[in-house]
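J.: Provided below: run-v7.tsv, containing TSV, C-alpha atoms.
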```tsv
chain	number	residue	atom	x	y	z
Y	3	MET	CA	-88.78	31.29	-116.11
Y	4	LYS	CA	-86.57	33.59	-118.22
Y	5	THR	CA	-83.82	33.35	-115.58
Y	6	PHE	CA	-84.00	29.55	-115.76
Y	7	ARG	CA	-83.82	29.58	-119.58
Y	8	ARG	CA	-80.85	31.93	-119.48
Y	9	ARG	CA	-79.02	29.67	-117.03
Y	10	TYR	CA	-79.86	26.66	-119.17
Y	11	TYR	CA	-78.33	28.27	-122.27
Y	12	ASP	CA	-75.34	29.51	-120.27
Y	13	PHE	CA	-74.67	25.85	-119.39
Y	14	PHE	CA	-75.62	24.59	-122.88
Y	15	SER	CA	-73.02	26.90	-124.43
Y	16	ASN	CA	-70.37	24.37	-123.37
Y	17	PHE	CA	-71.81	21.76	-125.77
Y	18	TYR	CA	-73.69	23.84	-128.36
Y	19	ASP	CA	-71.18	23.74	-131.23
Y	20	LYS	CA	-70.70	19.97	-131.02
Y	21	ILE	CA	-74.44	19.24	-130.99
Y	22	ILE	CA	-75.18	21.50	-133.96
Y	23	ALA	CA	-72.27	20.02	-135.95
Y	24	LEU	CA	-73.42	16.48	-135.13
Y	25	HIS	CA	-76.93	17.02	-136.48
Y	26	SER	CA	-76.11	19.21	-139.46
Y	27	LYS	CA	-72.78	17.53	-140.34
Y	28	ASP	CA	-71.44	20.99	-141.16
Y	29	LYS	CA	-67.85	20.65	-140.03
Y	30	SER	CA	-66.56	22.85	-142.86
Y	31	ALA	CA	-69.08	25.70	-142.31
Y	32	ARG	CA	-70.73	25.12	-145.71
Y	33	LEU	CA	-74.19	25.77	-144.29
Y	34	ARG	CA	-73.19	29.11	-142.80
Y	35	ARG	CA	-71.76	30.19	-146.14
Y	36	PHE	CA	-74.91	28.93	-147.89
Y	37	LEU	CA	-77.07	30.98	-145.51
Y	38	LEU	CA	-75.02	34.11	-146.12
Y	39	ALA	CA	-74.93	33.56	-149.88
Y	40	LYS	CA	-78.74	33.30	-149.92
Y	41	SER	CA	-78.97	36.49	-147.86
Y	42	GLY	CA	-76.99	38.44	-150.45
Y	43	PHE	CA	-74.79	39.93	-147.70
Y	44	ARG	CA	-71.68	41.66	-149.00
Y	45	PRO	CA	-68.86	43.87	-147.64
Y	46	GLY	CA	-70.06	47.34	-146.68
Y	47	GLN	CA	-73.50	46.21	-145.51
Y	48	TYR	CA	-74.89	45.96	-141.98
Y	49	LEU	CA	-75.87	42.50	-140.74
Y	50	LEU	CA	-77.58	41.48	-137.50
Y	51	ASP	CA	-77.35	37.88	-136.30
Y	52	VAL	CA	-80.05	37.21	-133.68
Y	53	CYS	CA	-79.95	34.35	-131.16
Y	54	THR	CA	-76.33	34.13	-132.25
Y	55	GLY	CA	-75.37	31.37	-129.81
Y	56	THR	CA	-71.62	30.93	-130.01
Y	57	GLY	CA	-71.45	33.21	-133.05
Y	58	ALA	CA	-71.00	30.76	-135.93
Y	59	VAL	CA	-72.95	32.80	-138.50
Y	60	ALA	CA	-71.77	36.19	-137.22
Y	61	LEU	CA	-68.12	35.15	-137.41
Y	62	GLU	CA	-68.53	33.82	-140.94
Y	63	ALA	CA	-70.21	37.11	-141.91
Y	64	ALA	CA	-67.39	39.13	-140.35
Y	65	SER	CA	-64.86	37.07	-142.30
Y	66	LEU	CA	-66.81	37.79	-145.49
Y	67	ALA	CA	-67.13	41.51	-144.68
Y	68	LYS	CA	-63.34	41.96	-144.41
Y	69	GLY	CA	-63.70	44.88	-142.02
Y	70	GLN	CA	-66.18	46.76	-144.20
Y	71	GLY	CA	-69.70	47.49	-142.97
Y	72	CYS	CA	-70.81	46.12	-139.62
Y	73	VAL	CA	-71.69	42.71	-138.15
Y	74	THR	CA	-73.67	42.71	-134.91
Y	75	ALA	CA	-74.60	39.60	-132.90
Y	76	VAL	CA	-77.31	39.39	-130.24
Y	77	ASP	CA	-78.11	36.75	-127.62
Y	78	PHE	CA	-79.71	36.72	-124.17
Y	79	SER	CA	-77.18	34.23	-122.75
Y	80	HIS	CA	-73.98	35.47	-121.13
Y	81	GLY	CA	-72.42	32.04	-121.67
Y	82	MET	CA	-73.14	31.96	-125.40
Y	83	LEU	CA	-71.84	35.51	-125.92
Y	84	SER	CA	-68.70	34.81	-123.89
Y	85	ARG	CA	-67.81	31.89	-126.16
Y	86	ALA	CA	-68.69	33.89	-129.28
Y	87	ARG	CA	-66.45	36.78	-128.20
Y	88	ALA	CA	-63.57	34.42	-127.49
Y	89	LYS	CA	-63.90	32.83	-130.93
Y	90	ALA	CA	-64.02	36.24	-132.65
Y	91	SER	CA	-60.96	37.42	-130.73
Y	92	SER	CA	-58.97	34.28	-131.55
Y	93	ARG	CA	-59.69	34.79	-135.25
Y	94	GLY	CA	-59.10	38.55	-135.22
Y	95	LEU	CA	-62.64	39.25	-136.44
Y	96	GLN	CA	-64.59	42.43	-135.76
Y	97	VAL	CA	-68.07	41.64	-134.42
Y	98	HIS	CA	-70.19	43.82	-132.14
Y	99	PHE	CA	-71.91	41.70	-129.46
Y	100	ALA	CA	-74.99	42.72	-127.49
Y	101	LEU	CA	-76.84	41.05	-124.63
Y	102	ALA	CA	-80.49	41.55	-125.55
Y	103	ASP	CA	-83.95	40.02	-125.85
Y	104	VAL	CA	-84.96	39.47	-129.49
Y	105	SER	CA	-88.48	40.73	-128.72
Y	106	MET	CA	-87.02	44.14	-127.70
Y	107	LEU	CA	-84.00	44.84	-129.87
Y	108	PRO	CA	-81.90	47.87	-128.79
Y	109	PHE	CA	-81.51	49.29	-132.31
Y	110	LYS	CA	-83.09	52.12	-134.29
Y	111	ASP	CA	-85.51	51.52	-137.16
Y	112	GLU	CA	-84.17	50.46	-140.58
Y	113	VAL	CA	-80.51	49.97	-139.63
Y	114	PHE	CA	-79.64	46.57	-141.12
Y	115	HIS	CA	-79.54	45.19	-144.66
Y	116	VAL	CA	-79.71	41.57	-143.42
Y	117	VAL	CA	-81.07	39.86	-140.29
Y	118	THR	CA	-80.07	36.21	-139.81
Y	119	CYS	CA	-81.09	33.53	-137.33
Y	120	SER	CA	-79.76	29.97	-137.19
Y	121	HIS	CA	-81.31	27.04	-135.31
Y	122	ALA	CA	-83.12	29.16	-132.73
Y	123	MET	CA	-86.60	30.25	-133.83
Y	124	TYR	CA	-88.15	26.95	-132.70
Y	125	GLU	CA	-86.94	27.63	-129.16
Y	126	LEU	CA	-88.96	30.84	-128.82
Y	127	LYS	CA	-92.44	30.83	-127.35
Y	128	ALA	CA	-95.15	31.78	-129.85
Y	129	LYS	CA	-95.80	35.27	-128.40
Y	130	VAL	CA	-92.09	36.02	-128.14
Y	131	ARG	CA	-91.50	34.84	-131.71
Y	132	THR	CA	-94.29	37.09	-133.00
Y	133	LYS	CA	-92.78	40.12	-131.26
Y	134	ALA	CA	-89.32	39.13	-132.48
Y	135	LEU	CA	-90.43	38.91	-136.11
Y	136	GLY	CA	-91.94	42.37	-135.78
Y	137	GLU	CA	-88.65	43.61	-134.38
Y	138	PHE	CA	-86.69	42.02	-137.24
Y	139	ARG	CA	-88.88	43.84	-139.74
Y	140	ARG	CA	-88.55	47.11	-137.81
Y	141	VAL	CA	-84.73	47.13	-137.80
Y	142	LEU	CA	-84.44	46.04	-141.44
Y	143	LYS	CA	-83.93	48.60	-144.17
Y	144	ARG	CA	-86.47	48.60	-146.99
Y	145	GLY	CA	-85.43	45.92	-149.44
Y	146	GLY	CA	-83.65	44.08	-146.62
Y	147	ILE	CA	-83.96	40.36	-145.96
Y	148	PHE	CA	-84.67	38.21	-142.92
Y	149	ILE	CA	-83.31	34.69	-143.36
Y	150	MET	CA	-83.41	31.79	-140.90
Y	151	MET	CA	-82.01	28.26	-140.90
Y	152	GLU	CA	-83.56	25.29	-139.11
Y	153	HIS	CA	-83.26	21.52	-139.10
Y	154	SER	CA	-85.29	19.57	-141.65
Y	155	ALA	CA	-87.15	16.39	-140.74
Y	156	PRO	CA	-84.46	13.65	-140.55
Y	157	GLU	CA	-84.59	10.58	-142.80
Y	158	SER	CA	-83.39	8.09	-140.17
Y	159	PRO	CA	-86.54	6.51	-138.60
Y	160	PHE	CA	-85.24	6.78	-135.03
Y	161	ILE	CA	-83.96	10.35	-135.39
Y	162	LYS	CA	-87.17	11.29	-137.18
Y	163	PHE	CA	-89.14	9.86	-134.25
Y	164	LEU	CA	-87.16	12.05	-131.84
Y	165	TYR	CA	-87.64	15.06	-134.14
Y	166	ASN	CA	-91.41	14.54	-134.27
Y	167	LEU	CA	-91.48	14.00	-130.51
Y	168	ARG	CA	-89.74	17.32	-130.05
Y	169	ILE	CA	-92.32	19.04	-132.26
Y	170	MET	CA	-95.20	17.42	-130.36
Y	171	THR	CA	-93.82	18.67	-127.05
Y	172	MET	CA	-93.27	22.28	-128.13
Y	173	GLY	CA	-96.06	23.40	-125.83
Y	174	SER	CA	-98.56	24.96	-128.23
Y	175	TRP	CA	-100.20	24.40	-131.58
Y	176	GLU	CA	-98.65	27.64	-132.85
Y	177	ASN	CA	-95.15	26.31	-132.18
Y	178	ARG	CA	-95.85	22.95	-133.81
Y	179	ARG	CA	-97.40	24.60	-136.85
Y	180	PHE	CA	-94.42	26.93	-137.17
Y	181	ALA	CA	-91.96	24.02	-136.99
Y	182	LEU	CA	-93.76	22.13	-139.75
Y	183	ASP	CA	-93.90	25.10	-142.15
Y	184	GLU	CA	-92.50	28.49	-141.18
Y	185	ARG	CA	-93.68	30.32	-144.31
Y	186	GLY	CA	-97.17	31.13	-143.05
Y	187	GLU	CA	-95.96	33.01	-140.00
Y	188	LEU	CA	-93.12	34.78	-141.81
Y	189	SER	CA	-95.58	35.92	-144.49
Y	190	ARG	CA	-97.32	38.05	-141.85
Y	191	PHE	CA	-94.20	40.20	-141.60
Y	192	PHE	CA	-92.27	39.78	-144.85
Y	193	GLU	CA	-92.92	39.62	-148.57
Y	194	ASN	CA	-91.93	36.98	-151.13
Y	195	VAL	CA	-91.27	34.33	-148.47
Y	196	ARG	CA	-89.46	31.21	-149.71
Y	197	LEU	CA	-88.21	27.90	-148.31
Y	198	GLU	CA	-85.21	26.01	-149.72
Y	199	PRO	CA	-83.27	22.93	-148.57
Y	200	THR	CA	-79.58	23.34	-147.81
Y	201	PRO	CA	-76.91	21.34	-149.68
Y	202	SER	CA	-76.67	18.85	-146.81
Y	203	GLY	CA	-80.41	18.13	-146.90
Y	204	ARG	CA	-80.44	18.15	-143.09
Y	205	SER	CA	-81.41	21.81	-142.79
Y	206	LYS	CA	-83.52	24.37	-144.62
Y	207	VAL	CA	-83.48	28.12	-145.07
Y	208	VAL	CA	-86.62	30.24	-144.98
Y	209	TYR	CA	-86.44	33.89	-145.96
Y	210	GLY	CA	-88.51	36.94	-146.82
Y	211	PHE	CA	-88.02	40.59	-147.73
Y	212	LYS	CA	-89.12	43.96	-146.36
Y	213	ALA	CA	-90.71	45.72	-149.32
```
Reformat the file's structure so that it appears as structure tokens.
T.:
Amino acid sequence: MKTFRRRYYDFFSNFYDKIIALHSKDKSARLRRFLLAKSGFRPGQYLLDVCTGTGAVALEAASLAKGQGCVTAVDFSHGMLSRARAKASSRGLQVHFALADVSMLPFKDEVFHVVTCSHAMYELKAKVRTKALGEFRRVLKRGGIFIMMEHSAPESPFIKFLYNLRIMTMGSWENRRFALDERGELSRFFENVRLEPTPSGRSKVVYGFKA
């Protein structure tokens, strides 16, 4: 099953950026900057972007870091990482890429100030997501933040129908519950968990801290 999912995302990497931009209407990268602003990330810090996809958040973080600190991006798809590397190279940005499973991160304890995840947590199975959240907490420094971005329920009746259909077919009650309100699950691993809408209103950020 994991091999099939990896092949699916390798293929999906060819269309990923266009689909995300279409739903979020974030052609100018405002949402990525909003996510990073909420995270408090600044030059000199260490940031890990998990399920990085084609690297949108990681590249924006590297641009903000200006060569200071370290930006690392993780994904389990060769296709996604290949596109992310190409984008980083074309922009002259320094990002460290790693092929890895988010439930078994290849990093020492308390390395990163910030862990980010954009439009990916819903795709993880419940058991994998639980392990992943534990891993995010493990690699975060004390006082560090985990922050994720996901789509909000659309206002358009037809798109909202498709959104709700997606939630209903997520395969388990745990996944559907998480999609409707992520704060309960994040509160098992992080403190002071909050949810805020993004400026576009089409997405939301949910974040918590490691005390």
J.: Measuring atom to atom with all atoms listed in the file, identify which of Y:Gly203, Y:Ala213, Y:Pro159, Y:Arg196 is nearest to Y:Arg32.
T.: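 So, comparing all the options, the nearest one is Y:Gly203.
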J.: Which residues are near Y:Cys72? Cut-off 8 Å, only C-alpha atoms, ignore same chain within fewer than 6 positions. Put them as a list in words.
T.: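 My list of contacting residues is Gly46, Gln47, Tyr48, Leu49, Ala64, Val97 and His98 of chain Y.
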J.: Go ahead and find all residues with at least one atom no further than 10 Å from (-86.6, 30.2, -135.7) in the file's coordinates, using all atoms listed in the file; report them as a PDB file with C-alpha atoms, keeping the file's coordinate frame.
T.:
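Here's the written file out15.pdb:
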```pdb
ATOM      1  CA  VAL Y  52     -80.050  37.210-133.680  1.00  0.00           C
ATOM      2  CA  CYS Y  53     -79.950  34.350-131.160  1.00  0.00           C
ATOM      3  CA  THR Y 118     -80.070  36.210-139.810  1.00  0.00           C
ATOM      4  CA  CYS Y 119     -81.090  33.530-137.330  1.00  0.00           C
ATOM      5  CA  SER Y 120     -79.760  29.970-137.190  1.00  0.00           C
ATOM      6  CA  HIS Y 121     -81.310  27.040-135.310  1.00  0.00           C
ATOM      7  CA  ALA Y 122     -83.120  29.160-132.730  1.00  0.00           C
ATOM      8  CA  MET Y 123     -86.600  30.250-133.830  1.00  0.00           C
ATOM      9  CA  TYR Y 124     -88.150  26.950-132.700  1.00  0.00           C
ATOM     10  CA  GLU Y 125     -86.940  27.630-129.160  1.00  0.00           C
ATOM     11  CA  LEU Y 126     -88.960  30.840-128.820  1.00  0.00           C
ATOM     12  CA  ARG Y 131     -91.500  34.840-131.710  1.00  0.00           C
ATOM     13  CA  ALA Y 134     -89.320  39.130-132.480  1.00  0.00           C
ATOM     14  CA  LEU Y 135     -90.430  38.910-136.110  1.00  0.00           C
ATOM     15  CA  ILE Y 149     -83.310  34.690-143.360  1.00  0.00           C
ATOM     16  CA  MET Y 150     -83.410  31.790-140.900  1.00  0.00           C
ATOM     17  CA  MET Y 151     -82.010  28.260-140.900  1.00  0.00           C
ATOM     18  CA  GLU Y 152     -83.560  25.290-139.110  1.00  0.00           C
ATOM     19  CA  HIS Y 153     -83.260  21.520-139.100  1.00  0.00           C
ATOM     20  CA  PHE Y 180     -94.420  26.930-137.170  1.00  0.00           C
ATOM     21  CA  ALA Y 181     -91.960  24.020-136.990  1.00  0.00           C
ATOM     22  CA  GLU Y 184     -92.500  28.490-141.180  1.00  0.00           C
ATOM     23  CA  VAL Y 208     -86.620  30.240-144.980  1.00  0.00           C
TER      24      VAL Y 208
END
```
J.: Name all residues at most 10 Å from Y:Arg34 (count all atoms listed in the file; drop same-chain ones fewer than 6 positions away) and give them as a list in words.
T.: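 Neighbouring residues, sequence-local ones excluded: Asp28, Lys40, Ala58, Val59, Ala60, Leu61, Glu62, Ala63, Ser120, Met151 and Thr200 of chain Y.
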J.: Would you work out the distance separating atom CA of Y:Arg179 from atom CA of Y:Asp77, expressed in Å to one decimal?
T.: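 So the answer is 24.6 Å.
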J.: Between atom CA of Y:Leu182 and atom CA of Y:Gly55, what distance in Å does the model show, to one decimal?
T.: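 Taking atom CA of Y:Leu182 and atom CA of Y:Gly55, their separation equals 22.9 Å.
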J.: Leaving out Y:Leu142 and any residue of its chain fewer than 3 positions from it, which residues lie within 12 Å of it when counting only C-alpha atoms, given as a CSV table (one decimal) with C-alpha atoms, in the frame of the given file?
T.:
```csv
chain,number,residue,atom,x,y,z
Y,47,GLN,CA,-73.5,46.2,-145.5
Y,48,TYR,CA,-74.9,46.0,-142.0
Y,49,LEU,CA,-75.9,42.5,-140.7
Y,50,LEU,CA,-77.6,41.5,-137.5
Y,51,ASP,CA,-77.4,37.9,-136.3
Y,107,LEU,CA,-84.0,44.8,-129.9
Y,109,PHE,CA,-81.5,49.3,-132.3
Y,110,LYS,CA,-83.1,52.1,-134.3
Y,111,ASP,CA,-85.5,51.5,-137.2
Y,112,GLU,CA,-84.2,50.5,-140.6
Y,113,VAL,CA,-80.5,50.0,-139.6
Y,114,PHE,CA,-79.6,46.6,-141.1
Y,115,HIS,CA,-79.5,45.2,-144.7
Y,116,VAL,CA,-79.7,41.6,-143.4
Y,117,VAL,CA,-81.1,39.9,-140.3
Y,118,THR,CA,-80.1,36.2,-139.8
Y,135,LEU,CA,-90.4,38.9,-136.1
Y,136,GLY,CA,-91.9,42.4,-135.8
Y,137,GLU,CA,-88.6,43.6,-134.4
Y,138,PHE,CA,-86.7,42.0,-137.2
Y,139,ARG,CA,-88.9,43.8,-139.7
Y,145,GLY,CA,-85.4,45.9,-149.4
Y,146,GLY,CA,-83.6,44.1,-146.6
Y,147,ILE,CA,-84.0,40.4,-146.0
Y,148,PHE,CA,-84.7,38.2,-142.9
Y,149,ILE,CA,-83.3,34.7,-143.4
Y,191,PHE,CA,-94.2,40.2,-141.6
Y,192,PHE,CA,-92.3,39.8,-144.8
Y,210,GLY,CA,-88.5,36.9,-146.8
Y,211,PHE,CA,-88.0,40.6,-147.7
Y,212,LYS,CA,-89.1,44.0,-146.4
Y,213,ALA,CA,-90.7,45.7,-149.3
```
J.: To one decimal place, how far is atom CA of Y:Lys206 from atom CA of Y:Ser105 in Å?
T.: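 Interatomic distance here is 23.3 Å.
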J.: Could you get me a file of stretch 28-46 of chain Y with C-alpha atoms, as a short mmCIF file (atom, residue, chain, number, x, y, z; two decimals), in the first residue's frame, taken from the block above?
T.:
```
data_model
loop_
_atom_site.label_atom_id
_atom_site.label_comp_id
_atom_site.auth_asym_id
_atom_site.auth_seq_id
_atom_site.Cartn_x
_atom_site.Cartn_y
_atom_site.Cartn_z
CA ASP Y 28 -2.59 31.88 -3.31
CA LYS Y 29 -0.78 32.88 -6.48
CA SER Y 30 1.37 35.45 -4.67
CA ALA Y 31 2.44 33.11 -1.81
CA ARG Y 32 0.62 35.20 0.82
CA LEU Y 33 -0.52 32.09 2.68
CA ARG Y 34 3.00 30.70 2.94
CA ARG Y 35 4.21 33.99 4.36
CA PHE Y 36 1.23 34.07 6.74
CA LEU Y 37 2.09 30.56 7.95
CA LEU Y 38 5.73 31.50 8.54
CA ALA Y 39 4.80 34.78 10.23
CA LYS Y 40 2.53 32.89 12.64
CA SER Y 41 5.33 30.42 13.33
CA GLY Y 42 7.67 33.19 14.42
CA PHE Y 43 10.47 31.75 12.25
CA ARG Y 44 13.41 34.10 11.79
CA PRO Y 45 16.95 33.98 10.33
CA GLY Y 46 19.32 31.86 12.40
#
```
